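Raw protein20.cif, mmCIF, N, CA and C atoms and all ligand atoms:
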data_model
loop_
_atom_site.label_atom_id
_atom_site.label_comp_id
_atom_site.auth_asym_id
_atom_site.auth_seq_id
_atom_site.Cartn_x
_atom_site.Cartn_y
_atom_site.Cartn_z
N MET A 1 92.33 88.29 122.14
CA MET A 1 93.78 88.12 122.03
C MET A 1 94.39 89.35 121.37
N GLU A 2 95.45 89.84 121.96
CA GLU A 2 96.07 91.02 121.38
C GLU A 2 97.29 90.64 120.55
N ILE A 3 97.44 91.28 119.43
CA ILE A 3 98.61 90.99 118.61
C ILE A 3 99.46 92.25 118.52
N THR A 4 100.77 92.06 118.37
CA THR A 4 101.66 93.22 118.29
C THR A 4 101.56 93.85 116.90
N ILE A 5 102.10 95.04 116.80
CA ILE A 5 102.09 95.74 115.52
C ILE A 5 102.85 94.96 114.45
N THR A 6 103.99 94.40 114.86
CA THR A 6 104.79 93.63 113.90
C THR A 6 104.02 92.40 113.42
N GLN A 7 103.39 91.71 114.36
CA GLN A 7 102.59 90.53 113.98
C GLN A 7 101.44 90.93 113.07
N ARG A 8 100.80 92.03 113.44
CA ARG A 8 99.66 92.49 112.65
C ARG A 8 100.10 92.82 111.22
N ASN A 9 101.21 93.55 111.10
CA ASN A 9 101.68 93.92 109.76
C ASN A 9 102.05 92.68 108.94
N ARG A 10 102.62 91.69 109.63
CA ARG A 10 102.96 90.44 108.94
C ARG A 10 101.70 89.74 108.43
N LEU A 11 100.68 89.73 109.27
CA LEU A 11 99.42 89.10 108.86
C LEU A 11 98.82 89.80 107.64
N ILE A 12 98.88 91.12 107.66
CA ILE A 12 98.34 91.89 106.53
C ILE A 12 99.13 91.55 105.28
N LYS A 13 100.46 91.54 105.43
CA LYS A 13 101.31 91.28 104.28
C LYS A 13 101.03 89.89 103.71
N LYS A 14 100.94 88.90 104.60
CA LYS A 14 100.71 87.52 104.17
C LYS A 14 99.42 87.42 103.36
N GLU A 15 98.38 88.04 103.90
CA GLU A 15 97.08 88.00 103.25
C GLU A 15 97.13 88.62 101.85
N LEU A 16 97.80 89.75 101.73
CA LEU A 16 97.84 90.47 100.46
C LEU A 16 98.79 89.82 99.47
N VAL A 17 99.88 89.23 99.98
CA VAL A 17 100.82 88.54 99.11
C VAL A 17 100.14 87.34 98.45
N ASN A 18 99.30 86.64 99.23
CA ASN A 18 98.54 85.52 98.66
C ASN A 18 97.74 85.95 97.45
N LYS A 19 97.24 87.16 97.51
CA LYS A 19 96.35 87.65 96.46
C LYS A 19 97.12 88.33 95.32
N TYR A 20 98.11 89.14 95.66
CA TYR A 20 98.73 89.99 94.63
C TYR A 20 100.17 89.63 94.30
N GLY A 21 100.78 88.71 95.07
CA GLY A 21 102.15 88.32 94.80
C GLY A 21 103.15 89.10 95.63
N SER A 22 104.24 88.43 96.00
CA SER A 22 105.14 89.03 96.99
C SER A 22 105.86 90.27 96.50
N TYR A 23 106.09 90.38 95.20
CA TYR A 23 106.80 91.56 94.70
C TYR A 23 105.90 92.79 94.60
N ASN A 24 104.60 92.59 94.78
CA ASN A 24 103.64 93.67 94.52
C ASN A 24 103.04 94.28 95.78
N VAL A 25 103.54 93.87 96.93
CA VAL A 25 102.91 94.32 98.16
C VAL A 25 103.97 94.87 99.11
N SER A 26 103.72 96.03 99.70
CA SER A 26 104.55 96.46 100.80
C SER A 26 103.66 96.97 101.93
N VAL A 27 104.04 96.62 103.14
CA VAL A 27 103.29 97.03 104.33
C VAL A 27 104.27 97.71 105.26
N ILE A 28 104.06 98.98 105.54
CA ILE A 28 104.97 99.67 106.44
C ILE A 28 104.19 100.44 107.50
N GLY A 29 104.88 100.74 108.57
CA GLY A 29 104.29 101.61 109.57
C GLY A 29 104.14 100.98 110.93
N GLY A 30 103.66 101.80 111.83
CA GLY A 30 103.42 101.33 113.18
C GLY A 30 104.45 101.83 114.16
N ARG A 31 105.69 101.95 113.72
CA ARG A 31 106.73 102.42 114.63
C ARG A 31 107.36 103.68 114.07
N GLY A 32 107.97 104.44 114.95
CA GLY A 32 108.72 105.60 114.49
C GLY A 32 107.85 106.79 114.18
N THR A 33 108.01 107.32 113.02
CA THR A 33 107.43 108.62 112.65
C THR A 33 105.93 108.73 112.85
N ALA A 34 105.15 108.40 111.85
CA ALA A 34 103.70 108.57 111.94
C ALA A 34 103.13 107.44 112.79
N THR A 35 103.16 107.63 114.07
CA THR A 35 102.82 106.58 115.02
C THR A 35 101.42 106.01 114.77
N GLY A 36 101.38 104.71 114.69
CA GLY A 36 100.09 104.07 114.60
C GLY A 36 99.59 103.86 113.19
N TRP A 37 100.13 104.59 112.24
CA TRP A 37 99.65 104.45 110.87
C TRP A 37 100.23 103.23 110.19
N VAL A 38 99.42 102.58 109.42
CA VAL A 38 99.87 101.48 108.59
C VAL A 38 99.66 101.87 107.14
N GLU A 39 100.72 101.80 106.37
CA GLU A 39 100.61 102.12 104.95
C GLU A 39 100.81 100.86 104.13
N VAL A 40 99.83 100.59 103.29
CA VAL A 40 99.88 99.43 102.44
C VAL A 40 99.98 99.91 100.99
N HIS A 41 100.96 99.39 100.27
CA HIS A 41 101.09 99.71 98.85
C HIS A 41 100.94 98.44 98.04
N ILE A 42 100.11 98.53 97.02
CA ILE A 42 99.90 97.38 96.14
C ILE A 42 100.13 97.83 94.70
N TYR A 43 100.88 97.03 93.97
CA TYR A 43 101.15 97.35 92.57
C TYR A 43 100.46 96.31 91.69
N ILE A 44 99.67 96.78 90.75
CA ILE A 44 98.90 95.86 89.90
C ILE A 44 99.24 96.09 88.42
N GLU A 45 98.90 95.10 87.62
CA GLU A 45 99.10 95.21 86.17
C GLU A 45 98.04 96.12 85.57
N LYS A 46 98.38 96.70 84.45
CA LYS A 46 97.39 97.48 83.68
C LYS A 46 96.20 96.62 83.29
N PRO A 47 95.01 97.18 83.27
CA PRO A 47 93.89 96.41 82.73
C PRO A 47 94.08 96.19 81.22
N ASP A 48 93.50 95.12 80.70
CA ASP A 48 93.67 94.80 79.27
C ASP A 48 93.13 95.91 78.37
N ASP A 49 92.06 96.55 78.84
CA ASP A 49 91.44 97.59 78.01
C ASP A 49 91.94 98.99 78.37
N CYS A 50 93.12 99.06 78.94
CA CYS A 50 93.71 100.35 79.30
C CYS A 50 93.87 101.22 78.05
N CYS A 51 93.52 102.50 78.18
CA CYS A 51 93.74 103.40 77.06
C CYS A 51 94.44 104.67 77.53
N CYS A 52 95.36 104.49 78.48
CA CYS A 52 96.13 105.63 78.97
C CYS A 52 97.01 106.17 77.84
N LEU A 53 97.13 107.47 77.80
CA LEU A 53 98.09 108.09 76.90
C LEU A 53 99.33 108.43 77.71
N GLU A 54 100.42 108.61 77.03
CA GLU A 54 101.65 108.93 77.75
C GLU A 54 101.51 110.28 78.46
N ASN A 55 102.08 110.35 79.65
CA ASN A 55 102.12 111.60 80.42
C ASN A 55 100.75 112.21 80.72
N THR A 56 99.74 111.36 80.89
CA THR A 56 98.44 111.85 81.30
C THR A 56 98.01 111.06 82.54
N PRO A 57 97.01 111.55 83.27
CA PRO A 57 96.51 110.76 84.41
C PRO A 57 95.92 109.43 83.92
N TYR A 58 95.63 108.56 84.88
CA TYR A 58 95.07 107.25 84.53
C TYR A 58 93.79 107.37 83.72
N CYS A 59 93.58 106.45 82.80
CA CYS A 59 92.33 106.39 82.05
C CYS A 59 91.23 105.81 82.95
N SER A 60 89.98 105.82 82.49
CA SER A 60 88.89 105.38 83.36
C SER A 60 88.96 103.89 83.67
N GLN A 61 89.49 103.08 82.75
CA GLN A 61 89.65 101.65 83.03
C GLN A 61 90.66 101.44 84.16
N CYS A 62 91.73 102.19 84.10
CA CYS A 62 92.73 102.10 85.17
C CYS A 62 92.14 102.57 86.50
N MET A 63 91.42 103.69 86.48
CA MET A 63 90.82 104.21 87.71
C MET A 63 89.89 103.17 88.33
N LYS A 64 89.12 102.52 87.45
CA LYS A 64 88.17 101.52 87.93
C LYS A 64 88.92 100.36 88.60
N LYS A 65 89.97 99.90 87.93
CA LYS A 65 90.73 98.77 88.49
C LYS A 65 91.40 99.16 89.81
N LEU A 66 91.88 100.38 89.89
CA LEU A 66 92.49 100.86 91.13
C LEU A 66 91.47 100.87 92.27
N ASN A 67 90.28 101.39 91.98
CA ASN A 67 89.24 101.45 93.02
C ASN A 67 88.80 100.07 93.46
N VAL A 68 88.60 99.19 92.49
CA VAL A 68 88.16 97.83 92.80
C VAL A 68 89.22 97.13 93.66
N THR A 69 90.48 97.29 93.28
CA THR A 69 91.56 96.65 94.03
C THR A 69 91.66 97.20 95.44
N ARG A 70 91.49 98.51 95.58
CA ARG A 70 91.57 99.12 96.91
C ARG A 70 90.46 98.57 97.80
N ASP A 71 89.25 98.49 97.28
CA ASP A 71 88.13 97.94 98.06
C ASP A 71 88.38 96.49 98.45
N GLU A 72 88.86 95.73 97.47
CA GLU A 72 89.12 94.32 97.68
C GLU A 72 90.20 94.14 98.76
N ALA A 73 91.25 94.93 98.68
CA ALA A 73 92.34 94.82 99.66
C ALA A 73 91.84 95.18 101.06
N ASN A 74 91.02 96.23 101.15
CA ASN A 74 90.45 96.60 102.45
C ASN A 74 89.63 95.46 103.03
N LYS A 75 88.84 94.81 102.18
CA LYS A 75 88.01 93.69 102.65
C LYS A 75 88.89 92.56 103.17
N LEU A 76 89.96 92.25 102.41
CA LEU A 76 90.87 91.18 102.84
C LEU A 76 91.49 91.52 104.19
N ILE A 77 91.89 92.77 104.35
CA ILE A 77 92.55 93.18 105.60
C ILE A 77 91.58 93.08 106.77
N TYR A 78 90.36 93.57 106.58
CA TYR A 78 89.40 93.56 107.69
C TYR A 78 88.85 92.17 107.98
N ALA A 79 89.11 91.23 107.07
CA ALA A 79 88.65 89.86 107.32
C ALA A 79 89.65 89.09 108.18
N ILE A 80 90.81 89.67 108.44
CA ILE A 80 91.82 89.00 109.27
C ILE A 80 91.32 88.98 110.72
N PRO A 81 91.33 87.81 111.36
CA PRO A 81 90.83 87.74 112.73
C PRO A 81 91.65 88.63 113.67
N ASN A 82 90.99 89.26 114.60
CA ASN A 82 91.62 90.10 115.63
C ASN A 82 92.34 91.34 115.11
N ILE A 83 92.09 91.69 113.87
CA ILE A 83 92.81 92.84 113.32
C ILE A 83 92.30 94.13 113.98
N GLU A 84 93.24 94.98 114.32
CA GLU A 84 92.88 96.24 114.98
C GLU A 84 93.83 97.34 114.54
N PHE A 85 93.32 98.54 114.46
CA PHE A 85 94.14 99.68 114.11
C PHE A 85 93.94 100.78 115.12
N TYR A 86 94.93 101.65 115.21
CA TYR A 86 94.69 102.89 115.93
C TYR A 86 93.65 103.68 115.16
N THR A 87 92.97 104.55 115.85
CA THR A 87 91.97 105.35 115.15
C THR A 87 92.24 106.83 115.41
N TYR A 88 91.72 107.64 114.52
CA TYR A 88 91.76 109.07 114.76
C TYR A 88 90.38 109.63 114.44
N TYR A 89 90.13 110.82 114.99
CA TYR A 89 88.85 111.45 114.72
C TYR A 89 89.04 112.47 113.62
N SER A 90 88.41 112.22 112.50
CA SER A 90 88.67 113.11 111.37
C SER A 90 87.86 114.40 111.54
N ASP A 91 88.39 115.42 110.94
CA ASP A 91 87.86 116.76 111.10
C ASP A 91 86.85 117.05 110.00
N ASP A 92 85.91 116.15 109.79
CA ASP A 92 84.99 116.28 108.67
C ASP A 92 83.65 116.88 109.09
N GLY A 93 83.59 117.35 110.33
CA GLY A 93 82.35 117.93 110.81
C GLY A 93 81.45 116.94 111.51
N TYR A 94 81.74 115.65 111.33
CA TYR A 94 80.94 114.62 112.00
C TYR A 94 81.75 113.92 113.09
N ASN A 95 83.05 114.29 113.19
CA ASN A 95 83.92 113.63 114.15
C ASN A 95 83.95 112.12 113.96
N SER A 96 83.93 111.69 112.72
CA SER A 96 83.89 110.25 112.52
C SER A 96 85.23 109.62 112.90
N GLU A 97 85.13 108.45 113.44
CA GLU A 97 86.31 107.72 113.87
C GLU A 97 86.83 106.92 112.67
N THR A 98 88.09 107.13 112.35
CA THR A 98 88.66 106.48 111.17
C THR A 98 89.89 105.68 111.57
N ASP A 99 90.05 104.53 110.95
CA ASP A 99 91.23 103.72 111.24
C ASP A 99 92.48 104.32 110.60
N CYS A 100 93.60 104.16 111.27
CA CYS A 100 94.89 104.62 110.74
C CYS A 100 95.44 103.59 109.77
N LEU A 101 94.71 103.41 108.71
CA LEU A 101 95.12 102.45 107.68
C LEU A 101 95.00 103.15 106.35
N LEU A 102 96.08 103.10 105.59
CA LEU A 102 96.10 103.76 104.29
C LEU A 102 96.45 102.72 103.23
N VAL A 103 95.52 102.45 102.34
CA VAL A 103 95.78 101.48 101.27
C VAL A 103 95.96 102.24 99.96
N GLN A 104 97.12 102.11 99.37
CA GLN A 104 97.39 102.80 98.11
C GLN A 104 97.67 101.76 97.03
N VAL A 105 97.06 101.99 95.89
CA VAL A 105 97.23 101.05 94.78
C VAL A 105 97.81 101.81 93.59
N SER A 106 98.79 101.24 92.93
CA SER A 106 99.38 101.85 91.74
C SER A 106 99.41 100.84 90.62
N ILE A 107 99.35 101.37 89.41
CA ILE A 107 99.47 100.53 88.23
C ILE A 107 100.93 100.47 87.84
N LYS A 108 101.42 99.28 87.55
CA LYS A 108 102.82 99.12 87.15
C LYS A 108 103.01 99.73 85.76
N LYS A 109 104.15 100.37 85.58
CA LYS A 109 104.45 100.99 84.28
C LYS A 109 104.95 99.94 83.31
ZN ZN B 1 94.92 103.08 81.61
#
Output the file's structure in the form of structure tokens.
Ligand SMILES: [Zn+2]
Amino acid sequence: MEITITQRNRLIKKELVNKYGSYNVSVIGGRGTATGWVEVHIYIEKPDDCCCLENTPYCSQCMKKLNVTRDEANKLIYAIPNIEFYTYYSDDGYNSETDCLLVQVSIKK
């Protein structure tokens, strides 16, 4: 069964909203400019043991939480039945086929 881009993006959003809350998820893409790309943004709370200093990059606890969340979100997305993305061949020397899906996670200030 084939699903449209709009339906697919809705499914992704629904899945992620269940997990992270409706104010913390945005799913864009598929039409217009960067054709075929889907961009997912997720905003999460700081970890309890965060030790970020002002005006510095994320601390290691934050980095860890960002990575874990990104992996988790990818798993949730790929677990959706019939989910499909456009692919591109990356120029990494192996010509690996990569999905046009970009998951970005940020820590809320
Ligand atoms: Zn931190």
Could you give me, as a ChimeraX atom specification, the residues that have an atom at most 8 Å away from the point (100.0, 102.9, 84.2) in the coordinates of the file, using all atoms listed in the file?
-> /A:45-47,52,57-59,62,106-109
Skip segment 7-21 of chain A itself and residues of its chain fewer than 2 positions away, then list as an MDAnalysis selection string all residues within 8 Å of it, counting only N, CA and C atoms.
-> chainID A and resid 3:5 23:29 38 42:44 73 76:77 80 82:84
From chain A, collect each residue whose DSSP state is helix (DSSP H, G or I) and return the set as a PyMOL selection string.
-> chain A and resi 5-20+22-24+60-78
Taking the chain letters and numbering used in this document, name the residues of segment 18-99 of chain A that DSSP puts in strand (DSSP E or B), as a PyMOL selection string.
-> chain A and resi 25-30+35+38-44+87-89+97-99
Which of these, A:Asn55, A:Trp37, A:Ser60, A:Ser22, has the shortest distance to ligand ZN 1 (chain B) once you count all atoms listed in the file?
->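 The closest residue to ligand ZN 1 (chain B) is A:Ser60.
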In Å and to one decimal, atom N of Lys75 of chain A is distant from atom N of Asp48 of chain A by 22.0 Å
What is the distance between atom CA of Cys50 of chain A and atom N of Glu72 of chain A, in Å to one decimal?
->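 Separating atom CA of Cys50 of chain A from atom N of Glu72 of chain A is a distance of 19.4 Å.
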Save segment 12-49 of chain A of the structure in the block above to a file, with N, CA and C atoms included, as a PDB file, in the first residue's frame.
ATOM      1  N   ILE A  12       4.281  10.110  10.996  1.00  0.00           N
ATOM      2  CA  ILE A  12       5.522  10.341  11.741  1.00  0.00           C
ATOM      3  C   ILE A  12       5.244  11.257  12.917  1.00  0.00           C
ATOM      4  N   LYS A  13       4.506  12.335  12.626  1.00  0.00           N
ATOM      5  CA  LYS A  13       4.222  13.308  13.675  1.00  0.00           C
ATOM      6  C   LYS A  13       3.435  12.656  14.813  1.00  0.00           C
ATOM      7  N   LYS A  14       2.409  11.877  14.452  1.00  0.00           N
ATOM      8  CA  LYS A  14       1.565  11.236  15.451  1.00  0.00           C
ATOM      9  C   LYS A  14       2.406  10.347  16.371  1.00  0.00           C
ATOM     10  N   GLU A  15       3.268   9.567  15.741  1.00  0.00           N
ATOM     11  CA  GLU A  15       4.111   8.643  16.491  1.00  0.00           C
ATOM     12  C   GLU A  15       5.017   9.394  17.476  1.00  0.00           C
ATOM     13  N   LEU A  16       5.615  10.475  17.016  1.00  0.00           N
ATOM     14  CA  LEU A  16       6.568  11.217  17.847  1.00  0.00           C
ATOM     15  C   LEU A  16       5.865  12.058  18.904  1.00  0.00           C
ATOM     16  N   VAL A  17       4.678  12.575  18.566  1.00  0.00           N
ATOM     17  CA  VAL A  17       3.913  13.355  19.539  1.00  0.00           C
ATOM     18  C   VAL A  17       3.512  12.470  20.719  1.00  0.00           C
ATOM     19  N   ASN A  18       3.144  11.214  20.423  1.00  0.00           N
ATOM     20  CA  ASN A  18       2.825  10.266  21.498  1.00  0.00           C
ATOM     21  C   ASN A  18       3.962  10.159  22.495  1.00  0.00           C
ATOM     22  N   LYS A  19       5.164  10.230  21.978  1.00  0.00           N
ATOM     23  CA  LYS A  19       6.341  10.007  22.809  1.00  0.00           C
ATOM     24  C   LYS A  19       6.846  11.307  23.453  1.00  0.00           C
ATOM     25  N   TYR A  20       6.876  12.387  22.681  1.00  0.00           N
ATOM     26  CA  TYR A  20       7.560  13.601  23.168  1.00  0.00           C
ATOM     27  C   TYR A  20       6.630  14.773  23.454  1.00  0.00           C
ATOM     28  N   GLY A  21       5.342  14.653  23.086  1.00  0.00           N
ATOM     29  CA  GLY A  21       4.407  15.741  23.338  1.00  0.00           C
ATOM     30  C   GLY A  21       4.252  16.664  22.143  1.00  0.00           C
ATOM     31  N   SER A  22       3.043  17.186  21.968  1.00  0.00           N
ATOM     32  CA  SER A  22       2.741  17.894  20.721  1.00  0.00           C
ATOM     33  C   SER A  22       3.516  19.189  20.546  1.00  0.00           C
ATOM     34  N   TYR A  23       3.895  19.834  21.633  1.00  0.00           N
ATOM     35  CA  TYR A  23       4.625  21.098  21.488  1.00  0.00           C
ATOM     36  C   TYR A  23       6.100  20.881  21.164  1.00  0.00           C
ATOM     37  N   ASN A  24       6.554  19.639  21.242  1.00  0.00           N
ATOM     38  CA  ASN A  24       7.989  19.370  21.120  1.00  0.00           C
ATOM     39  C   ASN A  24       8.392  18.722  19.802  1.00  0.00           C
ATOM     40  N   VAL A  25       7.447  18.613  18.889  1.00  0.00           N
ATOM     41  CA  VAL A  25       7.743  17.884  17.659  1.00  0.00           C
ATOM     42  C   VAL A  25       7.334  18.712  16.450  1.00  0.00           C
ATOM     43  N   SER A  26       8.199  18.810  15.460  1.00  0.00           N
ATOM     44  CA  SER A  26       7.767  19.355  14.187  1.00  0.00           C
ATOM     45  C   SER A  26       8.281  18.464  13.064  1.00  0.00           C
ATOM     46  N   VAL A  27       7.421  18.253  12.082  1.00  0.00           N
ATOM     47  CA  VAL A  27       7.767  17.417  10.928  1.00  0.00           C
ATOM     48  C   VAL A  27       7.503  18.246   9.688  1.00  0.00           C
ATOM     49  N   ILE A  28       8.538  18.518   8.919  1.00  0.00           N
ATOM     50  CA  ILE A  28       8.341  19.305   7.710  1.00  0.00           C
ATOM     51  C   ILE A  28       9.022  18.642   6.523  1.00  0.00           C
ATOM     52  N   GLY A  29       8.565  19.009   5.356  1.00  0.00           N
ATOM     53  CA  GLY A  29       9.250  18.570   4.152  1.00  0.00           C
ATOM     54  C   GLY A  29       8.401  17.750   3.224  1.00  0.00           C
ATOM     55  N   GLY A  30       9.017  17.402   2.118  1.00  0.00           N
ATOM     56  CA  GLY A  30       8.341  16.580   1.143  1.00  0.00           C
ATOM     57  C   GLY A  30       7.901  17.360  -0.073  1.00  0.00           C
ATOM     58  N   ARG A  31       7.491  18.603   0.132  1.00  0.00           N
ATOM     59  CA  ARG A  31       7.047  19.392  -1.009  1.00  0.00           C
ATOM     60  C   ARG A  31       7.900  20.645  -1.121  1.00  0.00           C
ATOM     61  N   GLY A  32       7.917  21.209  -2.309  1.00  0.00           N
ATOM     62  CA  GLY A  32       8.594  22.481  -2.482  1.00  0.00           C
ATOM     63  C   GLY A  32      10.088  22.349  -2.616  1.00  0.00           C
ATOM     64  N   THR A  33      10.797  23.072  -1.819  1.00  0.00           N
ATOM     65  CA  THR A  33      12.242  23.250  -1.981  1.00  0.00           C
ATOM     66  C   THR A  33      13.043  21.955  -2.029  1.00  0.00           C
ATOM     67  N   ALA A  34      13.498  21.475  -0.901  1.00  0.00           N
ATOM     68  CA  ALA A  34      14.356  20.287  -0.884  1.00  0.00           C
ATOM     69  C   ALA A  34      13.484  19.054  -1.098  1.00  0.00           C
ATOM     70  N   THR A  35      13.216  18.758  -2.326  1.00  0.00           N
ATOM     71  CA  THR A  35      12.251  17.720  -2.685  1.00  0.00           C
ATOM     72  C   THR A  35      12.598  16.376  -2.059  1.00  0.00           C
ATOM     73  N   GLY A  36      11.612  15.810  -1.424  1.00  0.00           N
ATOM     74  CA  GLY A  36      11.794  14.470  -0.912  1.00  0.00           C
ATOM     75  C   GLY A  36      12.330  14.399   0.492  1.00  0.00           C
ATOM     76  N   TRP A  37      12.935  15.466   0.972  1.00  0.00           N
ATOM     77  CA  TRP A  37      13.495  15.428   2.312  1.00  0.00           C
ATOM     78  C   TRP A  37      12.432  15.618   3.374  1.00  0.00           C
ATOM     79  N   VAL A  38      12.583  14.892   4.444  1.00  0.00           N
ATOM     80  CA  VAL A  38      11.727  15.071   5.600  1.00  0.00           C
ATOM     81  C   VAL A  38      12.609  15.519   6.757  1.00  0.00           C
ATOM     82  N   GLU A  39      12.247  16.625   7.358  1.00  0.00           N
ATOM     83  CA  GLU A  39      13.003  17.113   8.507  1.00  0.00           C
ATOM     84  C   GLU A  39      12.155  17.004   9.755  1.00  0.00           C
ATOM     85  N   VAL A  40      12.712  16.327  10.732  1.00  0.00           N
ATOM     86  CA  VAL A  40      12.026  16.139  11.994  1.00  0.00           C
ATOM     87  C   VAL A  40      12.813  16.884  13.071  1.00  0.00           C
ATOM     88  N   HIS A  41      12.119  17.719  13.825  1.00  0.00           N
ATOM     89  CA  HIS A  41      12.762  18.411  14.943  1.00  0.00           C
ATOM     90  C   HIS A  41      12.084  17.998  16.234  1.00  0.00           C
ATOM     91  N   ILE A  42      12.903  17.657  17.207  1.00  0.00           N
ATOM     92  CA  ILE A  42      12.371  17.260  18.514  1.00  0.00           C
ATOM     93  C   ILE A  42      13.065  18.099  19.576  1.00  0.00           C
ATOM     94  N   TYR A  43      12.264  18.627  20.492  1.00  0.00           N
ATOM     95  CA  TYR A  43      12.822  19.431  21.580  1.00  0.00           C
ATOM     96  C   TYR A  43      12.627  18.679  22.887  1.00  0.00           C
ATOM     97  N   ILE A  44      13.706  18.506  23.623  1.00  0.00           N
ATOM     98  CA  ILE A  44      13.637  17.731  24.865  1.00  0.00           C
ATOM     99  C   ILE A  44      14.111  18.573  26.052  1.00  0.00           C
ATOM    100  N   GLU A  45      13.747  18.118  27.240  1.00  0.00           N
ATOM    101  CA  GLU A  45      14.186  18.792  28.467  1.00  0.00           C
ATOM    102  C   GLU A  45      15.646  18.469  28.736  1.00  0.00           C
ATOM    103  N   LYS A  46      16.287  19.356  29.453  1.00  0.00           N
ATOM    104  CA  LYS A  46      17.657  19.089  29.920  1.00  0.00           C
ATOM    105  C   LYS A  46      17.708  17.837  30.780  1.00  0.00           C
ATOM    106  N   PRO A  47      18.780  17.068  30.696  1.00  0.00           N
ATOM    107  CA  PRO A  47      18.910  15.957  31.641  1.00  0.00           C
ATOM    108  C   PRO A  47      19.119  16.501  33.065  1.00  0.00           C
ATOM    109  N   ASP A  48      18.728  15.714  34.060  1.00  0.00           N
ATOM    110  CA  ASP A  48      18.837  16.175  35.456  1.00  0.00           C
ATOM    111  C   ASP A  48      20.280  16.469  35.845  1.00  0.00           C
ATOM    112  N   ASP A  49      21.197  15.685  35.276  1.00  0.00           N
ATOM    113  CA  ASP A  49      22.603  15.860  35.649  1.00  0.00           C
ATOM    114  C   ASP A  49      23.351  16.769  34.663  1.00  0.00           C
TER     115      ASP A  49
END
